[in-house]
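Read through the structure below, which is laid out as structure tokens, and then see the notes.
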Amino acid sequence: MKSPHITDLLSKYDTPAPRYTSYPTVPYWEGTFPNPEEWLQKVVKAAEDAPEISLYIHLPFCEQLCTYCGCNKHITKNHAVESPYIQAVLTEWKLYRSQLPERVVLKELHLGGGTPTFFSPSALHSLLSSIINTVEVPEDADYGFEAHPWSATQDHLEVLFHLGFRRISIGVQDFDEYLMKVVNRRQTIHSVVECTTLARAIGYTSVNYDLIYGLPFQTTDHIRQDIQWTEVLRPDRIAFYSYAHVPWLKKSQNAYAEEDLPTGAAKRLLYEVGKEGFSALGYLNIGMDHFALPQDGLAKAFQTGSLHRNFMGYTTSKTRLLIGLGASAISDTWDGFMQNEKTVQGYQEQVAAGKLPLLKGHFLTKEDLLIRRHILNLMTQYQTSWSVTTPVLEEAVARLQELCQDGLVEISDQAVKVTMAGRPFLRTVCMAFDARYWKSQPTGQLFSKVV
């Protein structure tokens, strides 16, 4: 049987699907207004079972709106917002810390946004030292932060380095300065080079570049330029994300017309050019959209089968408990999820009242936990297997039959493996296991397209 052409596959499978940083995905959470006491019991139980925890801190402020961005952010040039927000985050941490066991080992710490480097170095030092002083820091701690190359100063990098940070993720998006103007991002090639050079000189051992394919007016020439700069600057990791066009959720994306965006086969070609170029430079393709040099921890985790994926994306650290602090941050006890109030004002008001700023959550059923494990296996290892067949797995295999016929997956006795041809459609493969999606398929637009 002749294998379908990539154009035919895109026509067939380039449909909206979740990115699966969790299962169930957020739109399918069942929780009504969360019970703080019940949630705290889950958090404490997870910390008692395994003292190593992960901490994500959401710092939502940006001085300027990048129109492509799908993150939860608050645009302001008023830096007086820094102190009240930091005090709120510290208060939230104290609410958790007072309930946690005496011994807490902070294995992983990540600052996301927004723009974490919106905050002054002294403000970040105050926030982080106050948290780190209440926990045990292991020798193999994995601390990282997202940096805007325009605002990340030498002082920022030095302060965070002295607090134990060794990973920096630089939001490059694309090296073409015209494209950055199109998406209203204040950035130059020089700022990226300077941020990278400073990080290496200070001692950061892992430099990541966030790159996006599918931006308005982006062509293969732009991707080739990104590859050339990658060869020059040699980041340890690359997150090569697909631009998620969701203007019904993020109104700023209406700044450009649909015809300005590469779609379908044209968009997929951007990824294939990038993948080929990064591979030629010695980077290993990891998971759905990441590349890493062989000596980087992410590559080693992929090769040993210890790669993990959570709300922070792909990570080398797999902890039972992830606590999210800050507006819109999500926590994970493995058997439960909880998201904070999304607005800065609502978040700060709840914390000021002495309450955990909980918005919505979901406690996983036995079936959820089973499906979560298989989707995680697929997202991190491109394969999954089971020893006991259940109706939900039988249904997943039935949905995968057409993908199998098209050469995207291989199905054997109680196992599924994603082929090289199927990797562009990894989200589609995972969706076959998503029982909640199939029980209640969305009637409106919820997710971005696979490609």
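Going through the structure tokens in order, the chains are called A, B, and so on, while each chain numbers its residues from 1 and the ligands are numbered from 1 in the order shown.
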
Item to complete: For region 169-186 of chain A, work out the shell of residues within 9 Å, counting only C-alpha atoms and skipping chain neighbours fewer than 2 positions away, then give it as a VMD selection string.
Response: chain A and resid 64 to 69 144 to 150 167 188 to 189 192 195 to 196 206 to 213 215 to 218 222 to 223 225 to 226 229 237 to 238 240 to 241 253 255 to 256

Would you save the residues of that selection, restricted to N, CA and C atoms, as a short mmCIF file (atom, residue, chain, number, x, y, z; two decimals), in the first residue's frame?
data_model
loop_
_atom_site.label_atom_id
_atom_site.label_comp_id
_atom_site.auth_asym_id
_atom_site.auth_seq_id
_atom_site.Cartn_x
_atom_site.Cartn_y
_atom_site.Cartn_z
N GLN A 64 5.18 45.61 27.32
CA GLN A 64 4.67 45.76 25.97
C GLN A 64 3.98 44.47 25.54
N LEU A 65 2.89 44.59 24.78
CA LEU A 65 2.13 43.42 24.36
C LEU A 65 2.70 42.84 23.07
N CYS A 66 3.21 41.61 23.13
CA CYS A 66 3.59 40.87 21.92
C CYS A 66 2.31 40.23 21.40
N THR A 67 1.90 40.60 20.19
CA THR A 67 0.55 40.25 19.74
C THR A 67 0.35 38.76 19.50
N TYR A 68 1.41 37.98 19.32
CA TYR A 68 1.27 36.54 19.10
C TYR A 68 1.01 35.79 20.40
N CYS A 69 1.28 36.41 21.55
CA CYS A 69 1.40 35.71 22.82
C CYS A 69 0.06 35.15 23.31
N GLY A 144 15.43 27.39 36.79
CA GLY A 144 15.51 28.11 35.52
C GLY A 144 14.50 29.24 35.45
N PHE A 145 14.71 30.13 34.48
CA PHE A 145 13.78 31.25 34.31
C PHE A 145 13.70 31.66 32.85
N GLU A 146 12.58 32.31 32.51
CA GLU A 146 12.36 32.82 31.17
C GLU A 146 12.85 34.26 31.11
N ALA A 147 13.66 34.56 30.10
CA ALA A 147 14.26 35.89 29.99
C ALA A 147 13.89 36.56 28.68
N HIS A 148 13.43 37.78 28.76
CA HIS A 148 13.27 38.61 27.56
C HIS A 148 14.63 39.25 27.30
N PRO A 149 15.24 39.02 26.13
CA PRO A 149 16.60 39.53 25.91
C PRO A 149 16.72 41.05 25.99
N TRP A 150 15.60 41.74 25.82
CA TRP A 150 15.64 43.20 25.88
C TRP A 150 15.72 43.71 27.31
N ARG A 167 19.79 27.47 34.58
CA ARG A 167 19.15 27.42 33.27
C ARG A 167 18.52 28.76 32.95
N THR A 188 16.18 42.87 19.36
CA THR A 188 17.15 42.93 18.28
C THR A 188 18.05 41.69 18.35
N ILE A 189 18.74 41.41 17.26
CA ILE A 189 19.71 40.32 17.26
C ILE A 189 20.79 40.59 18.31
N VAL A 192 19.84 39.50 21.79
CA VAL A 192 19.91 38.05 21.99
C VAL A 192 21.36 37.60 22.17
N CYS A 195 22.62 38.77 25.63
CA CYS A 195 22.05 37.99 26.73
C CYS A 195 22.70 36.61 26.81
N THR A 196 22.88 35.98 25.65
CA THR A 196 23.51 34.66 25.60
C THR A 196 24.95 34.71 26.10
N SER A 206 23.03 25.80 31.05
CA SER A 206 22.05 25.42 30.05
C SER A 206 21.33 26.67 29.53
N VAL A 207 21.55 26.98 28.26
CA VAL A 207 20.90 28.12 27.62
C VAL A 207 19.89 27.58 26.61
N ASN A 208 18.63 27.95 26.78
CA ASN A 208 17.57 27.52 25.87
C ASN A 208 17.09 28.69 25.04
N TYR A 209 16.78 28.43 23.77
CA TYR A 209 16.13 29.42 22.91
C TYR A 209 14.70 28.97 22.63
N ASP A 210 13.74 29.85 22.88
CA ASP A 210 12.38 29.64 22.40
C ASP A 210 12.28 30.21 21.00
N LEU A 211 11.95 29.37 20.02
CA LEU A 211 11.73 29.80 18.65
C LEU A 211 10.32 29.39 18.24
N ILE A 212 9.71 30.17 17.38
CA ILE A 212 8.34 29.91 16.94
C ILE A 212 8.31 29.77 15.42
N TYR A 213 7.60 28.76 14.94
CA TYR A 213 7.34 28.68 13.50
C TYR A 213 5.85 28.89 13.25
N LEU A 215 4.74 32.17 12.42
CA LEU A 215 4.46 33.59 12.66
C LEU A 215 4.02 34.27 11.36
N PRO A 216 3.29 35.38 11.44
CA PRO A 216 2.87 36.07 10.23
C PRO A 216 4.06 36.46 9.36
N PHE A 217 3.94 36.20 8.08
CA PHE A 217 4.92 36.53 7.04
C PHE A 217 6.21 35.71 7.14
N GLN A 218 6.26 34.74 8.04
CA GLN A 218 7.47 33.94 8.20
C GLN A 218 7.63 32.97 7.02
N HIS A 222 13.50 32.73 6.74
CA HIS A 222 13.62 33.15 8.14
C HIS A 222 14.11 31.98 9.00
N ILE A 223 13.55 30.80 8.76
CA ILE A 223 13.96 29.62 9.55
C ILE A 223 15.44 29.31 9.30
N GLN A 225 17.72 31.43 8.55
CA GLN A 225 18.50 32.43 9.28
C GLN A 225 18.57 32.06 10.77
N ASP A 226 17.47 31.56 11.31
CA ASP A 226 17.47 31.12 12.71
C ASP A 226 18.48 29.98 12.91
N TRP A 229 22.04 31.43 13.01
CA TRP A 229 22.37 32.04 14.31
C TRP A 229 22.51 30.96 15.39
N ARG A 237 19.68 24.03 24.31
CA ARG A 237 18.35 23.51 24.00
C ARG A 237 17.62 24.48 23.09
N ILE A 238 16.66 23.94 22.35
CA ILE A 238 15.78 24.76 21.53
C ILE A 238 14.36 24.25 21.71
N PHE A 240 11.10 24.62 19.83
CA PHE A 240 10.69 25.08 18.49
C PHE A 240 9.17 24.93 18.39
N TYR A 241 8.47 25.96 18.89
CA TYR A 241 7.03 25.88 19.06
C TYR A 241 6.26 26.25 17.80
N GLN A 253 -4.26 38.66 18.73
CA GLN A 253 -3.89 37.94 17.52
C GLN A 253 -4.71 38.37 16.31
N ALA A 255 -4.48 41.15 15.23
CA ALA A 255 -3.66 42.21 14.64
C ALA A 255 -3.21 41.87 13.23
N TYR A 256 -3.27 40.60 12.84
CA TYR A 256 -2.90 40.22 11.48
C TYR A 256 -3.99 39.32 10.89
#

Sort by chain and increasing residue number a table of all residues of region 302-337 of chain A within 8 Å of region 17-27 of chain A, each with its closest pair of atoms and their distance in Å to one decimal, counting only C-alpha atoms, and write it as a tab-separated table.
residue	atom	partner	partner_atom	distance
A:Arg309	CA	A:Thr21	CA	6.4
A:Asn310	CA	A:Thr21	CA	5.0
A:Phe311	CA	A:Thr21	CA	5.1
A:Met312	CA	A:Thr21	CA	7.7
A:Gly313	CA	A:Thr21	CA	6.4

Item to complete: Going by DSSP on the backbone, which bits of region 144-242 of chain A are strand (DSSP E)? Write them as a PyMOL selection string, please.
Response: chain A and resi 144-147+167-173+206-213+237-242

Can you write out as a tab-separated table which residues of region 340-420 of chain A fall within 8 Å of region 324-335 of chain A, alongside each residue's closest atom pair and its distance in Å to one decimal, counting only C-alpha atoms and ordering rows by chain and ascending residue number?
residue	atom	partner	partner_atom	distance
A:Asn340	CA	A:Ser328	CA	4.7
A:Glu341	CA	A:Ser328	CA	5.4
A:Lys342	CA	A:Ser328	CA	4.1
A:Thr343	CA	A:Ala327	CA	6.1
A:Val344	CA	A:Ala327	CA	5.7
A:Tyr347	CA	A:Ala327	CA	5.6
A:Phe363	CA	A:Asp335	CA	6.0
A:Leu364	CA	A:Asp335	CA	5.1
A:Thr365	CA	A:Asp335	CA	7.8
A:Leu369	CA	A:Asp335	CA	7.0

Go ahead and write the selection's residues with C-alpha atoms as a tab-separated table (two decimals), in the first residue's frame.
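To be explicit, this is the file written out as result24.tsv:
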chain	number	residue	atom	x	y	z
A	340	ASN	CA	-5.25	30.11	40.81
A	341	GLU	CA	-7.32	33.21	40.14
A	342	LYS	CA	-6.31	34.51	36.73
A	343	THR	CA	-6.41	38.28	37.24
A	344	VAL	CA	-3.75	40.05	39.26
A	347	TYR	CA	-5.38	36.94	43.00
A	363	PHE	CA	-9.39	15.52	41.17
A	364	LEU	CA	-8.44	12.62	38.90
A	365	THR	CA	-10.44	9.39	38.77
A	369	LEU	CA	-4.83	8.37	36.07

So that I can check the surroundings of region 384-390 of chain A, please list as an mmCIF file with N, CA and C atoms, in the first residue's frame every protein, DNA and RNA residue that reaches within 9 Å of it, counting only C-alpha atoms and ignoring chain neighbours fewer than 6 positions away.
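Output saved as out_31.cif:
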data_model
loop_
_atom_site.group_PDB
_atom_site.id
_atom_site.type_symbol
_atom_site.label_atom_id
_atom_site.label_comp_id
_atom_site.auth_asym_id
_atom_site.auth_seq_id
_atom_site.Cartn_x
_atom_site.Cartn_y
_atom_site.Cartn_z
ATOM 1 N N ARG A 373 -1.188 8.460 32.344
ATOM 2 C CA ARG A 373 0.086 7.751 32.227
ATOM 3 C C ARG A 373 0.395 7.418 30.770
ATOM 4 N N HIS A 374 -0.599 6.969 30.036
ATOM 5 C CA HIS A 374 -0.355 6.599 28.637
ATOM 6 C C HIS A 374 -0.072 7.824 27.763
ATOM 7 N N ILE A 375 -0.784 8.905 27.988
ATOM 8 C CA ILE A 375 -0.522 10.122 27.218
ATOM 9 C C ILE A 375 0.860 10.671 27.551
ATOM 10 N N LEU A 376 1.242 10.628 28.824
ATOM 11 C CA LEU A 376 2.580 11.077 29.210
ATOM 12 C C LEU A 376 3.651 10.214 28.537
ATOM 13 N N ASN A 377 3.447 8.901 28.490
ATOM 14 C CA ASN A 377 4.398 8.013 27.808
ATOM 15 C C ASN A 377 4.554 8.402 26.345
ATOM 16 N N LEU A 378 3.452 8.652 25.682
ATOM 17 C CA LEU A 378 3.491 9.016 24.267
ATOM 18 C C LEU A 378 4.203 10.340 24.053
ATOM 19 N N ASP A 413 0.483 -6.110 20.191
ATOM 20 C CA ASP A 413 -0.302 -6.628 21.307
ATOM 21 C C ASP A 413 -0.111 -5.746 22.539
ATOM 22 N N GLN A 414 -1.142 -4.972 22.871
ATOM 23 C CA GLN A 414 -1.158 -4.106 24.052
ATOM 24 C C GLN A 414 -0.027 -3.078 24.055
ATOM 25 N N ALA A 415 0.248 -2.503 22.896
ATOM 26 C CA ALA A 415 1.274 -1.456 22.792
ATOM 27 C C ALA A 415 1.020 -0.598 21.561
ATOM 28 N N VAL A 416 1.421 0.658 21.661
ATOM 29 C CA VAL A 416 1.313 1.608 20.553
ATOM 30 C C VAL A 416 2.637 2.346 20.445
ATOM 31 N N LYS A 417 3.148 2.463 19.232
ATOM 32 C CA LYS A 417 4.384 3.207 18.991
ATOM 33 C C LYS A 417 4.159 4.204 17.871
#

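Distances to Leu233 (chain A) were evaluated for A:Ile75, A:Ile411, A:Leu393, A:Val193 using only C-alpha atoms, and the minimum falls at A:Val193.
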
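Put simply, CA of Ser129 (chain A) is 22.9 Å away from CA of Arg200 (chain A).
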
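Residue nearest Lys73 (chain A) within the list A:Val44, A:Val232, A:Leu59, A:Leu400: A:Leu59 [criterion: smallest interatomic distance, only C-alpha atoms].
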
Fill in: Residues flagged alpha helix (DSSP H) by DSSP in region 64-179 of chain A, as JSON, numbers by chain
{"A": [82, 83, 84, 85, 86, 87, 88, 89, 90, 91, 92, 93, 94, 95, 96, 97, 121, 122, 123, 124, 125, 126, 127, 128, 129, 130, 131, 132, 154, 155, 156, 157, 158, 159, 160, 161, 162, 177, 178, 179]}

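Take the candidates A:Ser126, A:Thr117, A:Thr319, A:Asn133 and check each one against Val89 (chain A) using only C-alpha atoms; the shortest distance goes to A:Ser126.
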
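Residues lying within 9 Å of region 278-290 of chain A, counting only C-alpha atoms and ignoring same-chain neighbours fewer than 6 positions away, are Ile227, Thr230, Glu231, Arg234, Asp236, Arg237, Ile238, Ala239, Phe240, Tyr241, Ser242, Leu298, Ala299, Phe302, Leu307, Tyr314, Leu378, Met379, Thr380, Gln381, Tyr382, Arg423, Pro424, Phe425, Leu426 and Arg427 of chain A.
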
Just-selected residues, C-alpha atoms written as an mmCIF file, in the first residue's frame:
data_model
loop_
_atom_site.group_PDB
_atom_site.id
_atom_site.type_symbol
_atom_site.label_atom_id
_atom_site.label_comp_id
_atom_site.auth_asym_id
_atom_site.auth_seq_id
_atom_site.Cartn_x
_atom_site.Cartn_y
_atom_site.Cartn_z
ATOM 1 C CA ILE A 227 19.525 27.984 12.026
ATOM 2 C CA THR A 230 21.879 28.782 16.212
ATOM 3 C CA GLU A 231 25.109 27.492 14.692
ATOM 4 C CA ARG A 234 25.055 27.192 20.039
ATOM 5 C CA ASP A 236 22.077 23.912 24.631
ATOM 6 C CA ARG A 237 18.354 23.506 24.001
ATOM 7 C CA ILE A 238 15.780 24.759 21.529
ATOM 8 C CA ALA A 239 12.027 24.832 22.055
ATOM 9 C CA PHE A 240 10.688 25.075 18.494
ATOM 10 C CA TYR A 241 7.035 25.881 19.063
ATOM 11 C CA SER A 242 4.168 26.014 16.625
ATOM 12 C CA LEU A 298 17.072 17.093 28.481
ATOM 13 C CA ALA A 299 18.705 14.892 25.840
ATOM 14 C CA PHE A 302 15.041 11.420 26.758
ATOM 15 C CA LEU A 307 11.932 12.654 30.493
ATOM 16 C CA TYR A 314 9.333 19.118 29.080
ATOM 17 C CA LEU A 378 3.491 9.016 24.267
ATOM 18 C CA MET A 379 4.507 12.642 24.749
ATOM 19 C CA THR A 380 7.898 11.746 26.253
ATOM 20 C CA GLN A 381 8.805 8.372 24.707
ATOM 21 C CA TYR A 382 6.669 8.142 21.526
ATOM 22 C CA ARG A 423 5.583 12.440 15.115
ATOM 23 C CA PRO A 424 4.157 15.621 13.513
ATOM 24 C CA PHE A 425 0.740 14.303 14.608
ATOM 25 C CA LEU A 426 1.693 13.320 18.154
ATOM 26 C CA ARG A 427 -1.148 15.399 19.618
#

Discussion item. Taking only C-alpha atoms into account, name the residue in A:Thr91, A:Gln187, A:Gln345, A:Gln339 that is nearest to Leu322 (chain A).
Written reply: A:Gln339
